[in-house]
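The file structure.cif contains mmCIF, C-alpha atoms and all ligand atoms:
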data_my_file
loop_
_atom_site.label_atom_id
_atom_site.label_comp_id
_atom_site.auth_asym_id
_atom_site.auth_seq_id
_atom_site.Cartn_x
_atom_site.Cartn_y
_atom_site.Cartn_z
CA ARG N 1 81.45 130.43 114.71
CA GLY N 2 80.30 133.50 116.62
CA SER N 3 77.23 133.69 114.47
CA GLU N 4 76.09 130.17 115.37
CA LEU N 5 75.02 131.04 118.85
CA SER N 6 74.82 134.81 118.90
CA PRO N 7 71.40 136.34 119.16
CA ALA N 8 70.34 137.45 115.71
CA PRO N 9 70.99 141.17 115.33
CA PRO N 10 67.88 143.18 114.65
CA ALA N 11 67.42 144.54 111.13
CA GLY N 12 68.99 147.93 110.51
CA PRO N 13 72.08 149.45 112.02
CA PRO N 14 72.76 148.41 115.64
CA GLY N 15 71.59 150.94 118.23
CA ARG N 16 68.91 152.35 115.95
CA CYS N 17 65.22 151.57 116.33
CA PRO N 18 64.07 149.77 113.21
CA ALA N 19 61.15 152.06 112.40
CA PRO N 20 59.12 151.27 109.32
CA PRO N 21 60.25 153.27 106.32
CA GLY N 22 58.65 156.69 106.24
CA ALA N 23 57.07 156.35 109.72
CA ALA N 24 57.87 158.97 112.37
CA LEU N 25 57.98 157.70 115.94
CA GLY N 26 55.77 160.48 117.25
CA GLY N 27 52.87 159.39 115.09
CA VAL N 28 52.88 155.62 115.89
CA PRO N 29 50.32 153.98 118.19
CA PRO N 30 51.36 153.03 121.84
CA ALA N 31 51.61 149.31 121.02
CA ARG N 32 54.13 150.01 118.25
CA LYS N 33 55.99 152.42 120.56
CA LEU N 34 56.33 149.56 123.08
CA LEU N 35 57.54 147.24 120.35
CA CYS N 36 60.06 149.86 119.28
CA MET N 37 61.28 150.27 122.88
CA CYS N 38 61.75 146.51 123.13
CA SER N 39 63.66 146.46 119.86
CA LEU N 40 65.82 149.34 121.07
CA SER N 41 66.66 147.56 124.31
CA LEU N 42 67.44 144.39 122.31
CA CYS N 43 69.71 146.45 120.07
CA LEU N 44 71.53 147.84 123.11
CA THR N 45 71.81 144.41 124.73
CA TYR N 46 73.29 142.96 121.54
CA LEU N 47 75.69 145.87 121.24
CA CYS N 48 76.89 145.39 124.84
CA TYR N 49 77.10 141.60 124.28
CA SER N 50 79.21 142.08 121.16
CA LEU N 51 81.50 144.60 122.88
CA MET N 52 82.03 142.20 125.77
CA GLY N 53 83.30 139.55 123.36
CA GLY N 54 80.21 137.38 123.35
CA GLY N 55 79.09 135.13 120.57
CA HIS N 56 81.21 132.11 121.57
CA ARG N 57 80.04 128.84 122.86
CA PRO N 58 79.71 128.86 126.61
CA GLY N 59 82.57 126.99 128.22
CA ARG N 60 84.84 127.39 125.22
CA PRO N 61 87.65 129.88 125.15
CA ALA N 62 87.49 132.90 122.89
CA LEU N 63 88.99 132.86 119.41
CA PRO N 64 89.17 129.12 118.92
CA ARG N 65 90.97 128.28 115.71
CA ARG N 66 92.40 125.23 114.03
CA PRO N 67 96.15 125.06 113.60
CA PRO N 68 97.21 126.62 110.29
CA ARG N 69 99.17 124.49 107.83
CA HIS N 70 102.86 124.41 108.56
CA ARG N 71 104.82 126.23 105.88
CA GLY N 72 108.37 124.97 105.79
CA PRO N 73 110.88 124.66 102.98
CA ARG N 74 110.12 122.04 100.39
CA GLY N 75 113.18 119.90 100.60
CA PRO N 76 115.89 118.91 103.04
CA ALA N 77 118.56 121.53 103.62
CA PRO N 78 121.98 120.59 102.30
CA PRO N 79 124.18 118.82 104.86
CA GLY N 80 125.73 121.21 107.29
CA SER N 81 123.58 124.15 106.29
CA GLY N 82 120.55 123.55 108.49
CA SER N 83 120.33 123.85 112.23
CA GLY N 84 117.54 121.35 112.74
CA ALA N 85 115.58 124.25 114.15
CA PRO N 86 112.38 125.52 112.58
CA ALA N 87 112.84 127.32 109.28
CA PRO N 88 112.56 131.11 109.32
CA SER N 89 108.96 130.91 108.19
CA ALA N 90 108.10 128.80 111.23
CA ALA N 91 110.47 130.47 113.64
CA PRO N 92 108.93 132.10 116.64
CA THR N 93 109.42 135.79 117.32
CA ARG N 94 110.41 137.02 120.73
CA ALA N 95 107.51 138.66 122.49
CA SER N 96 107.96 141.74 124.63
CA ASN N 97 107.78 139.67 127.81
CA GLY N 98 110.76 137.65 126.70
CA SER N 99 108.80 134.51 125.93
CA ARG N 100 108.66 133.23 122.39
CA GLU N 101 105.37 133.68 120.64
CA GLY N 102 104.65 131.66 117.53
CA ALA N 103 104.89 133.44 114.19
CA ALA N 104 104.06 131.99 110.81
CA GLY N 105 103.60 128.27 111.11
CA ALA N 106 103.04 128.46 114.83
CA TRP N 107 99.87 127.09 116.28
CA PRO N 108 97.40 129.43 117.94
CA ARG N 109 97.01 128.68 121.59
CA THR N 110 94.12 128.40 123.94
CA PRO N 111 95.11 129.08 127.51
CA LEU N 112 93.50 127.00 130.20
CA ALA N 113 93.02 127.86 133.81
CA PRO N 114 96.03 126.70 135.88
CA GLY N 115 93.90 124.24 137.85
CA GLU N 116 92.73 122.63 134.66
CA VAL N 117 96.27 122.01 133.52
CA ILE N 118 96.94 119.96 136.57
CA THR N 119 93.75 117.92 136.58
CA ALA N 120 93.96 117.25 132.88
CA GLN N 121 97.63 116.36 132.62
CA SER N 122 98.96 115.19 135.92
CA GLY N 123 99.71 111.77 137.22
CA ALA N 124 101.09 110.25 134.06
CA PHE N 125 104.64 109.94 135.35
CA GLU N 126 104.07 107.06 137.72
CA ARG N 127 100.87 105.56 136.43
CA ASP N 128 101.41 105.15 132.71
CA PRO N 129 103.04 102.05 131.32
CA GLN N 130 106.46 103.41 130.55
CA GLU N 131 107.95 100.68 128.46
CA SER N 132 108.08 101.27 124.76
CA SER N 133 105.53 98.58 124.19
CA THR N 134 101.85 99.02 124.76
CA THR N 135 99.77 95.95 125.31
CA ASP N 136 97.00 95.19 122.86
CA GLU N 137 94.55 95.19 125.73
CA GLU N 138 95.44 98.75 126.67
CA LEU N 139 95.08 99.86 123.11
CA SER N 140 91.79 98.17 122.43
CA ARG N 141 90.48 99.89 125.53
CA ALA N 142 91.87 103.21 124.41
CA GLY N 143 90.47 102.76 120.92
CA SER N 144 87.07 101.42 121.87
CA PRO N 145 84.04 103.51 121.00
CA GLY N 146 83.30 106.04 123.68
CA SER N 147 86.78 105.85 125.11
CA ARG N 148 88.31 109.14 126.08
CA GLY N 149 91.85 108.36 125.01
CA GLY N 150 94.79 108.67 127.31
CA GLY N 151 95.15 112.42 127.63
CA GLY N 152 95.07 112.59 131.38
CA GLY N 153 93.67 109.29 132.55
CA SER N 154 90.34 109.39 134.31
CA THR N 155 90.58 113.11 134.97
CA THR N 156 90.61 114.14 131.31
CA PRO N 157 87.94 116.79 130.92
CA ASP N 158 85.13 115.47 128.79
CA TYR N 159 84.91 118.31 126.31
CA GLY N 160 86.59 119.29 123.09
CA GLU N 161 87.13 117.01 120.14
CA LYS N 162 89.36 114.07 119.41
CA ARG N 163 91.74 115.03 116.65
CA LEU N 164 94.56 113.38 114.78
CA PRO N 165 97.93 114.42 116.21
CA GLN N 166 99.66 117.47 114.77
CA ALA N 167 102.99 116.51 116.35
CA LEU N 168 104.61 113.15 117.00
CA ILE N 169 107.57 111.96 119.03
CA ILE N 170 108.79 109.35 116.57
CA GLY N 171 111.88 108.07 118.39
CA VAL N 172 114.30 106.90 119.28
CA LYS N 173 113.68 103.94 121.50
CA LYS N 174 115.49 104.47 124.85
CA GLY N 175 116.37 108.02 123.80
CA GLY N 176 114.36 109.71 126.55
CA THR N 177 111.03 109.85 124.74
CA ARG N 178 108.95 109.28 127.88
CA ALA N 179 110.71 112.07 129.75
CA LEU N 180 110.07 114.41 126.84
CA LEU N 181 106.42 113.46 126.48
CA GLU N 182 105.72 113.90 130.18
CA ALA N 183 107.48 117.25 130.23
CA ILE N 184 105.58 118.58 127.23
CA ARG N 185 102.33 117.34 128.75
CA ALA N 186 102.90 119.85 131.52
CA HIS N 187 102.12 122.51 128.92
CA PRO N 188 98.49 123.63 129.03
CA ASP N 189 98.21 123.70 125.24
CA VAL N 190 99.29 120.10 124.75
CA ARG N 191 97.26 116.95 125.20
CA ALA N 192 98.95 113.62 124.64
CA VAL N 193 98.17 109.94 124.75
CA GLY N 194 99.84 108.26 127.70
CA THR N 195 100.26 104.89 126.01
CA GLU N 196 102.05 104.28 122.74
CA PRO N 197 99.46 103.82 119.97
CA HIS N 198 101.89 102.15 117.51
CA PHE N 199 99.50 103.20 114.76
CA PHE N 200 102.01 103.72 111.94
CA ASP N 201 103.77 100.44 112.57
CA ARG N 202 101.55 97.78 114.17
CA ASN N 203 98.01 99.14 113.98
CA TYR N 204 97.83 100.88 110.63
CA GLU N 205 95.18 98.56 109.27
CA LYS N 206 92.82 99.71 112.02
CA GLY N 207 92.40 102.99 110.17
CA LEU N 208 92.54 106.68 110.98
CA GLU N 209 89.24 106.69 112.85
CA TRP N 210 90.66 104.16 115.30
CA TYR N 211 93.72 106.33 115.64
CA ARG N 212 91.69 109.49 116.20
CA ASN N 213 89.64 107.71 118.81
CA VAL N 214 92.79 106.81 120.75
CA MET N 215 93.55 110.52 121.13
CA PRO N 216 92.50 112.66 124.06
CA LYS N 217 89.99 115.40 123.48
CA THR N 218 91.39 118.83 122.76
CA LEU N 219 90.05 122.32 122.48
CA ASP N 220 90.70 124.29 119.31
CA GLY N 221 94.27 125.54 119.35
CA GLN N 222 95.58 122.79 121.60
CA ILE N 223 98.07 120.38 120.13
CA THR N 224 97.40 116.65 120.12
CA MET N 225 100.50 114.49 120.48
CA GLU N 226 101.58 110.92 120.89
CA LYS N 227 104.91 109.13 121.14
CA THR N 228 105.83 105.82 119.61
CA PRO N 229 109.63 105.46 119.43
CA SER N 230 109.57 102.60 116.92
CA TYR N 231 108.22 104.90 114.18
CA PHE N 232 111.73 106.23 113.58
CA VAL N 233 112.94 102.84 112.37
CA THR N 234 109.75 101.77 110.58
CA ASN N 235 110.15 101.97 106.80
CA GLU N 236 106.51 102.72 106.08
CA ALA N 237 106.08 105.30 108.85
CA PRO N 238 107.24 108.43 106.97
CA ARG N 239 104.97 107.73 104.00
CA ARG N 240 102.02 106.90 106.21
CA ILE N 241 102.43 109.96 108.42
CA HIS N 242 102.88 112.14 105.35
CA SER N 243 99.67 110.78 103.88
CA MET N 244 97.84 111.58 107.14
CA ALA N 245 99.10 115.19 107.19
CA LYS N 246 102.18 116.42 105.41
CA ASP N 247 102.61 119.25 107.93
CA THR N 248 102.90 116.91 110.93
CA LYS N 249 105.71 118.09 113.18
CA LEU N 250 108.17 115.36 114.08
CA ILE N 251 110.38 115.14 117.15
CA VAL N 252 113.25 112.70 117.55
CA VAL N 253 115.08 112.31 120.85
CA VAL N 254 118.55 111.00 120.05
CA ARG N 255 121.13 109.66 122.44
CA ASN N 256 124.67 108.32 122.07
CA PRO N 257 123.96 105.14 120.05
CA VAL N 258 126.35 103.07 122.18
CA THR N 259 124.59 104.00 125.43
CA ARG N 260 121.26 103.63 123.67
CA ALA N 261 122.15 100.08 122.59
CA ILE N 262 123.15 99.17 126.16
CA SER N 263 119.94 100.71 127.49
CA ASP N 264 117.94 98.71 124.95
CA TYR N 265 119.75 95.53 125.94
CA THR N 266 119.19 96.30 129.64
CA GLN N 267 115.47 96.55 129.02
CA THR N 268 115.36 93.19 127.23
CA LEU N 269 117.52 91.64 129.94
CA SER N 270 115.07 92.81 132.61
CA LYS N 271 112.35 90.79 130.90
CA LYS N 272 114.45 87.84 129.69
CA PRO N 273 117.35 87.32 132.09
CA GLU N 274 118.46 84.23 130.14
CA ILE N 275 119.59 86.10 127.00
CA PRO N 276 123.30 86.04 126.04
CA THR N 277 125.58 88.83 127.18
CA PHE N 278 125.69 92.14 125.35
CA GLU N 279 129.24 91.35 124.22
CA VAL N 280 128.08 88.14 122.56
CA LEU N 281 125.08 89.70 120.84
CA ALA N 282 126.98 92.74 119.58
CA PHE N 283 129.32 90.79 117.29
CA LYS N 284 128.90 88.64 114.23
CA ASN N 285 132.50 87.65 114.71
CA ARG N 286 134.24 89.04 117.75
CA THR N 287 137.74 87.96 116.73
CA LEU N 288 137.40 89.84 113.46
CA GLY N 289 135.65 92.68 115.29
CA LEU N 290 132.63 92.33 113.02
CA ILE N 291 129.67 94.16 114.58
CA ASP N 292 126.24 92.61 114.11
CA ALA N 293 124.31 95.51 112.63
CA SER N 294 121.29 93.30 112.12
CA TRP N 295 120.76 93.17 115.89
CA SER N 296 118.05 95.75 116.53
CA ALA N 297 119.88 97.18 119.54
CA ILE N 298 122.72 98.13 117.19
CA ARG N 299 120.71 98.93 114.10
CA ILE N 300 118.42 101.49 115.74
CA GLY N 301 121.45 103.64 116.53
CA ILE N 302 122.43 104.09 112.88
CA TYR N 303 120.46 107.30 112.90
CA ALA N 304 121.68 108.61 109.53
CA LEU N 305 120.28 105.54 107.81
CA HIS N 306 116.81 105.96 109.26
CA LEU N 307 116.78 109.73 108.84
CA GLU N 308 117.43 109.32 105.14
CA ASN N 309 114.05 107.61 104.87
CA TRP N 310 112.24 110.48 106.66
CA LEU N 311 113.88 113.12 104.50
CA GLN N 312 112.26 111.54 101.44
CA TYR N 313 108.94 112.80 102.80
CA PHE N 314 109.60 115.65 105.24
CA PRO N 315 111.83 118.72 105.09
CA LEU N 316 114.48 118.93 107.77
CA SER N 317 112.79 122.02 109.17
CA GLN N 318 109.82 119.86 110.13
CA ILE N 319 111.92 117.55 112.29
CA LEU N 320 113.30 118.56 115.67
CA PHE N 321 116.21 116.61 117.10
CA VAL N 322 116.32 116.67 120.87
CA SER N 323 119.47 115.63 122.70
CA GLY N 324 118.67 112.79 125.09
CA GLU N 325 121.79 113.72 127.08
CA ARG N 326 120.79 117.37 127.48
CA LEU N 327 117.25 116.33 128.35
CA ILE N 328 118.85 114.97 131.53
CA THR N 329 121.45 117.68 132.20
CA ASP N 330 119.35 120.67 131.08
CA PRO N 331 115.72 119.63 130.68
CA ALA N 332 114.43 123.22 130.64
CA GLY N 333 116.86 124.16 127.85
CA GLU N 334 115.72 121.29 125.67
CA MET N 335 112.09 122.01 126.48
CA ALA N 336 112.51 125.61 125.33
CA LYS N 337 113.54 124.29 121.92
CA VAL N 338 110.64 121.88 121.83
CA GLN N 339 108.11 124.58 122.72
CA ASP N 340 109.56 126.95 120.11
CA PHE N 341 109.39 124.22 117.50
CA LEU N 342 105.77 123.50 118.34
CA GLY N 343 104.92 127.20 118.22
CA LEU N 344 104.05 127.19 121.90
CA LYS N 345 104.71 129.82 124.50
CA ARG N 346 107.63 128.83 126.74
CA ILE N 347 105.61 127.76 129.73
CA VAL N 348 107.56 124.65 130.75
CA THR N 349 110.74 126.17 132.18
CA GLU N 350 113.36 125.44 134.86
CA LYS N 351 110.65 126.14 137.44
CA HIS N 352 109.01 122.87 136.44
CA PHE N 353 112.02 120.65 137.15
CA TYR N 354 114.13 119.61 140.10
CA PHE N 355 116.92 117.08 140.28
CA ASN N 356 115.88 114.07 142.32
CA LYS N 357 119.02 112.64 143.92
CA THR N 358 117.44 109.28 144.73
CA LYS N 359 116.25 108.80 141.16
CA GLY N 360 119.39 110.38 139.71
CA PHE N 361 117.33 112.22 137.12
CA PRO N 362 115.38 115.41 136.77
CA CYS N 363 111.75 115.08 137.79
CA LEU N 364 108.78 117.34 137.30
CA LYS N 365 107.90 119.37 140.37
CA LYS N 366 104.61 118.28 141.77
CA PRO N 367 101.66 120.44 140.88
CA GLU N 368 100.45 122.58 143.78
CA ASP N 369 97.25 120.62 144.32
CA SER N 370 98.69 117.16 143.93
CA SER N 371 100.63 114.97 146.29
CA ALA N 372 102.12 112.78 143.59
CA PRO N 373 105.83 113.27 142.88
CA ARG N 374 106.47 113.14 139.18
CA CYS N 375 109.63 111.16 138.56
CA LEU N 376 109.53 108.53 135.84
CA GLY N 377 108.98 104.95 136.96
CA LYS N 378 111.48 102.17 137.63
CA SER N 379 111.79 101.20 133.97
CA LYS N 380 113.46 104.55 133.26
CA GLY N 381 116.98 104.98 134.54
CA ARG N 382 117.85 101.32 135.03
CA THR N 383 121.36 100.42 136.09
CA HIS N 384 123.19 99.17 133.01
CA PRO N 385 125.35 96.06 133.19
CA LYS N 386 129.08 96.65 133.00
CA ILE N 387 130.20 96.16 129.42
CA ASP N 388 133.71 95.19 128.36
CA PRO N 389 135.51 98.50 127.55
CA ASP N 390 137.00 96.95 124.42
CA VAL N 391 133.52 96.23 123.11
CA ILE N 392 132.47 99.79 123.87
CA HIS N 393 135.53 101.03 122.03
CA ARG N 394 134.73 98.91 118.97
CA LEU N 395 131.14 100.06 118.98
CA ARG N 396 132.22 103.67 119.15
CA LYS N 397 134.42 103.12 116.12
CA PHE N 398 131.55 101.43 114.35
CA TYR N 399 129.13 104.28 114.96
CA LYS N 400 131.55 107.16 114.37
CA PRO N 401 131.07 107.55 110.58
CA PHE N 402 127.31 107.21 110.92
CA ASN N 403 127.28 109.80 113.69
CA VAL N 404 129.33 112.22 111.60
CA MET N 405 126.92 111.69 108.73
CA PHE N 406 124.02 112.30 111.09
CA TYR N 407 125.59 115.55 112.35
CA GLN N 408 126.01 116.69 108.75
CA MET N 409 122.46 115.80 107.83
CA THR N 410 120.96 117.58 110.83
CA GLY N 411 123.48 120.40 111.14
CA GLN N 412 123.82 119.55 114.83
CA ASP N 413 126.85 118.10 116.59
CA PHE N 414 125.68 115.91 119.45
CA GLN N 415 129.28 115.38 120.60
CA TRP N 416 128.96 111.68 121.23
CA GLU N 417 132.60 111.26 120.28
CA GLN N 418 133.63 113.57 123.10
CA GLU N 419 132.03 111.49 125.83
CA GLU N 420 134.68 109.94 128.05
CA SER N 421 132.81 106.83 129.03
CA ASP N 422 129.41 105.29 128.67
CA LYS N 423 127.18 104.84 131.60
N1 LIG W 501 113.89 112.55 133.67
C1 LIG W 501 114.23 111.30 133.37
N2 LIG W 501 113.95 110.30 134.21
C2 LIG W 501 114.29 109.03 133.89
N3 LIG W 501 114.89 108.67 132.73
C3 LIG W 501 115.18 109.64 131.87
C4 LIG W 501 114.87 110.99 132.15
N4 LIG W 501 115.30 111.73 131.11
C5 LIG W 501 115.84 110.89 130.23
N5 LIG W 501 115.79 109.62 130.69
C6 LIG W 501 116.30 108.47 129.96
O1 LIG W 501 115.22 107.91 129.25
C7 LIG W 501 115.63 106.59 128.93
C8 LIG W 501 114.44 105.80 128.47
O2 LIG W 501 114.11 106.27 127.22
P1 LIG W 501 112.65 106.16 126.62
O3 LIG W 501 111.67 106.79 127.52
O4 LIG W 501 112.71 106.71 125.25
O5 LIG W 501 112.45 104.61 126.61
S1 LIG W 501 111.36 103.80 125.78
O6 LIG W 501 111.85 103.66 124.41
O7 LIG W 501 110.10 104.50 125.86
O8 LIG W 501 111.32 102.48 126.48
C9 LIG W 501 116.27 106.11 130.20
O9 LIG W 501 117.22 105.15 129.82
P2 LIG W 501 117.94 104.16 130.88
O10 LIG W 501 118.72 105.07 131.80
O11 LIG W 501 118.80 103.32 130.08
O12 LIG W 501 116.85 103.43 131.59
C10 LIG W 501 116.87 107.35 130.81
O13 LIG W 501 118.27 107.41 130.74
#

Target encoding structure tokens, full file:
Amino acid sequence: RGSELSPAPPAGPPGRCPAPPGAALGGVPPARKLLCMCSLSLCLTYLCYSLMGGGHRPGRPALPRRPPRHRGPRGPAPPGSGSGAPAPSAAPTRASNGSREGAAGAWPRTPLAPGEVITAQSGAFERDPQESSTTDEELSRAGSPGSRGGGGGSTTPDYGEKRLPQALIIGVKKGGTRALLEAIRAHPDVRAVGTEPHFFDRNYEKGLEWYRNVMPKTLDGQITMEKTPSYFVTNEAPRRIHSMAKDTKLIVVVRNPVTRAISDYTQTLSKKPEIPTFEVLAFKNRTLGLIDASWSAIRIGIYALHLENWLQYFPLSQILFVSGERLITDPAGEMAKVQDFLGLKRIVTEKHFYFNKTKGFPCLKKPEDSSAPRCLGKSKGRTHPKIDPDVIHRLRKFYKPFNVMFYQMTGQDFQWEQEESDK
């Protein structure tokens, strides 16, 4: 790329006057001497330019590169043997400053100026639609020709290229996906769509160019991301994502399936107050204690079932499981894992979060030059209705074997059985 815009080097070794073969400088006419002087000064200028790291497009950072292909193991690790963390080939190495630098499989990074981070990424917490559904109108706007995607709203810098995402937050609905997306957007090397594109479930027929056009522009080395929680439970999604790019990194935020189901129900209830109670919807036959696993609020939480489908296409090492519970109690700890997995420097740390007592959740500290507080909106952290403890107990029993299976498949114990009570 350097050669595209660099001044052409003069013929002959740099720093030497390109004298005609056999000609001695002393014997050449004054006009040729002048020409030689000019060539010499051009040689020196080029040499200085090269030494100063020139040869790159103005306005673009040095050493821009595309992400290399992710090299993970070929198949899922046997139950209990994996950690859900990146495989050794993709594992980051600890840099001398204590931060984790990406090794093999990590993406090269392009640092931005701190001010740019804020203007490009801020403001999404309160302004974006934060429900899991994105209206068609929003998407047709985002996907229309000339649209700039949702990277940072109207302040997205208008340079770089729109690229297909290299990493996706694929679920789970009500797991904490919005909190994760907004936190990772605070990283200067990540650009993400604010709305949910629903490409691999609802909009697949619109084609990859539509999808690419929904994305924000990125510089080489920056990661493009989106989150659509329904992908995790969409049968066709793994195959479709694999056919887009088999090295796509996948992130799943999981949460106690009982609490998740109640959260899901609470969201529906907020839109349709007339729906039956949770207790009624949860059972096929309450007297017999028969849970209705066809109800989506219940079905989504059978994580092992859905994961099975993903493991047909992606190795476990390419999927990161984030604890929705720890994303609330220790957001910086979970973000460290996410950044390592993405091959990013650990830039989003505890310094970025504070616990907002009014909201009852961690929020992102406001950027220095912005007045906007960055807690998630009202649709995140709703008060759940009180559910009959017996129903909760039955649901826990229902999920237990699936949870155990999920822990075995991922090699991670999320300790949902240990929780005393649901919210
Ligand atoms: N920092 C922070 N602020 C607010 N809320 C937080 C946060 N971290 C995680 N959560 C939990 O995220 C739950 C919503 O999950 P999602 O964002 O995945 O929902 S959605 O599927 O996109 O609708 C939401 O669920 P409810 O509490 O049931 O509303 C929250 O518990």

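Here atom CA of Met215 of chain N is placed at a distance of 5.9 Å from atom CA of Val193 of chain N.
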
Next item on the list: With all atoms listed in the file counted, collect every polymer residue having an atom within 6 Å of ligand LIG 501 (chain W); state the result as a PyMOL selection string.
Entry: chain N and resi 131-132+173-179+229+263+327-328+361-363+376+380-382

Atoms to include: C-alpha atoms. Write the selected residues as an mmCIF file, in the coordinates of the input.
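Once everything was written out, this is part-v3.cif:
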data_model
loop_
_atom_site.group_PDB
_atom_site.id
_atom_site.type_symbol
_atom_site.label_atom_id
_atom_site.label_comp_id
_atom_site.auth_asym_id
_atom_site.auth_seq_id
_atom_site.Cartn_x
_atom_site.Cartn_y
_atom_site.Cartn_z
ATOM 1 C CA GLU N 131 107.950 100.680 128.460
ATOM 2 C CA SER N 132 108.080 101.270 124.760
ATOM 3 C CA LYS N 173 113.680 103.940 121.500
ATOM 4 C CA LYS N 174 115.490 104.470 124.850
ATOM 5 C CA GLY N 175 116.370 108.020 123.800
ATOM 6 C CA GLY N 176 114.360 109.710 126.550
ATOM 7 C CA THR N 177 111.030 109.850 124.740
ATOM 8 C CA ARG N 178 108.950 109.280 127.880
ATOM 9 C CA ALA N 179 110.710 112.070 129.750
ATOM 10 C CA PRO N 229 109.630 105.460 119.430
ATOM 11 C CA SER N 263 119.940 100.710 127.490
ATOM 12 C CA LEU N 327 117.250 116.330 128.350
ATOM 13 C CA ILE N 328 118.850 114.970 131.530
ATOM 14 C CA PHE N 361 117.330 112.220 137.120
ATOM 15 C CA PRO N 362 115.380 115.410 136.770
ATOM 16 C CA CYS N 363 111.750 115.080 137.790
ATOM 17 C CA LEU N 376 109.530 108.530 135.840
ATOM 18 C CA LYS N 380 113.460 104.550 133.260
ATOM 19 C CA GLY N 381 116.980 104.980 134.540
ATOM 20 C CA ARG N 382 117.850 101.320 135.030
#

Checklist line | All residues 10 Å or closer to Asp201 of chain N, all atoms listed in the file, same chain fewer than 4 positions away omitted, as a ChimeraX atom specification | finding: /N:197,205,228,230-237,240

Next item on the list: Could you check how far atom CA of Phe314 of chain N sits from atom CA of Lys246 of chain N, in Å to one decimal?
Entry: 7.5 Å

Item checked: Separation of atom CA of Leu320 of chain N from atom CA of Ile170 of chain N in Å ->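 Rounded to one decimal, the two atoms are 10.3 Å apart.
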
Checklist line | Spatial neighbours of segment 346-360 of chain N, 8 Å, only C-alpha atoms, chain gap at least 2 places, as a count of residues only | finding: 20

Notebook entry, point to check: Given the choices N:Trp416, N:Arg239, N:Ser379, N:Leu208, which gets closest to Lys271 of chain N if the distance is worked out from only C-alpha atoms?
Noted result: N:Ser379

Next item on the list: Compare N:Phe414, N:Phe283, N:Trp295, N:Phe398 by their minimum atom-to-atom distance to Val322 of chain N, counting only C-alpha atoms, and give me the closest one.
Entry: N:Phe414
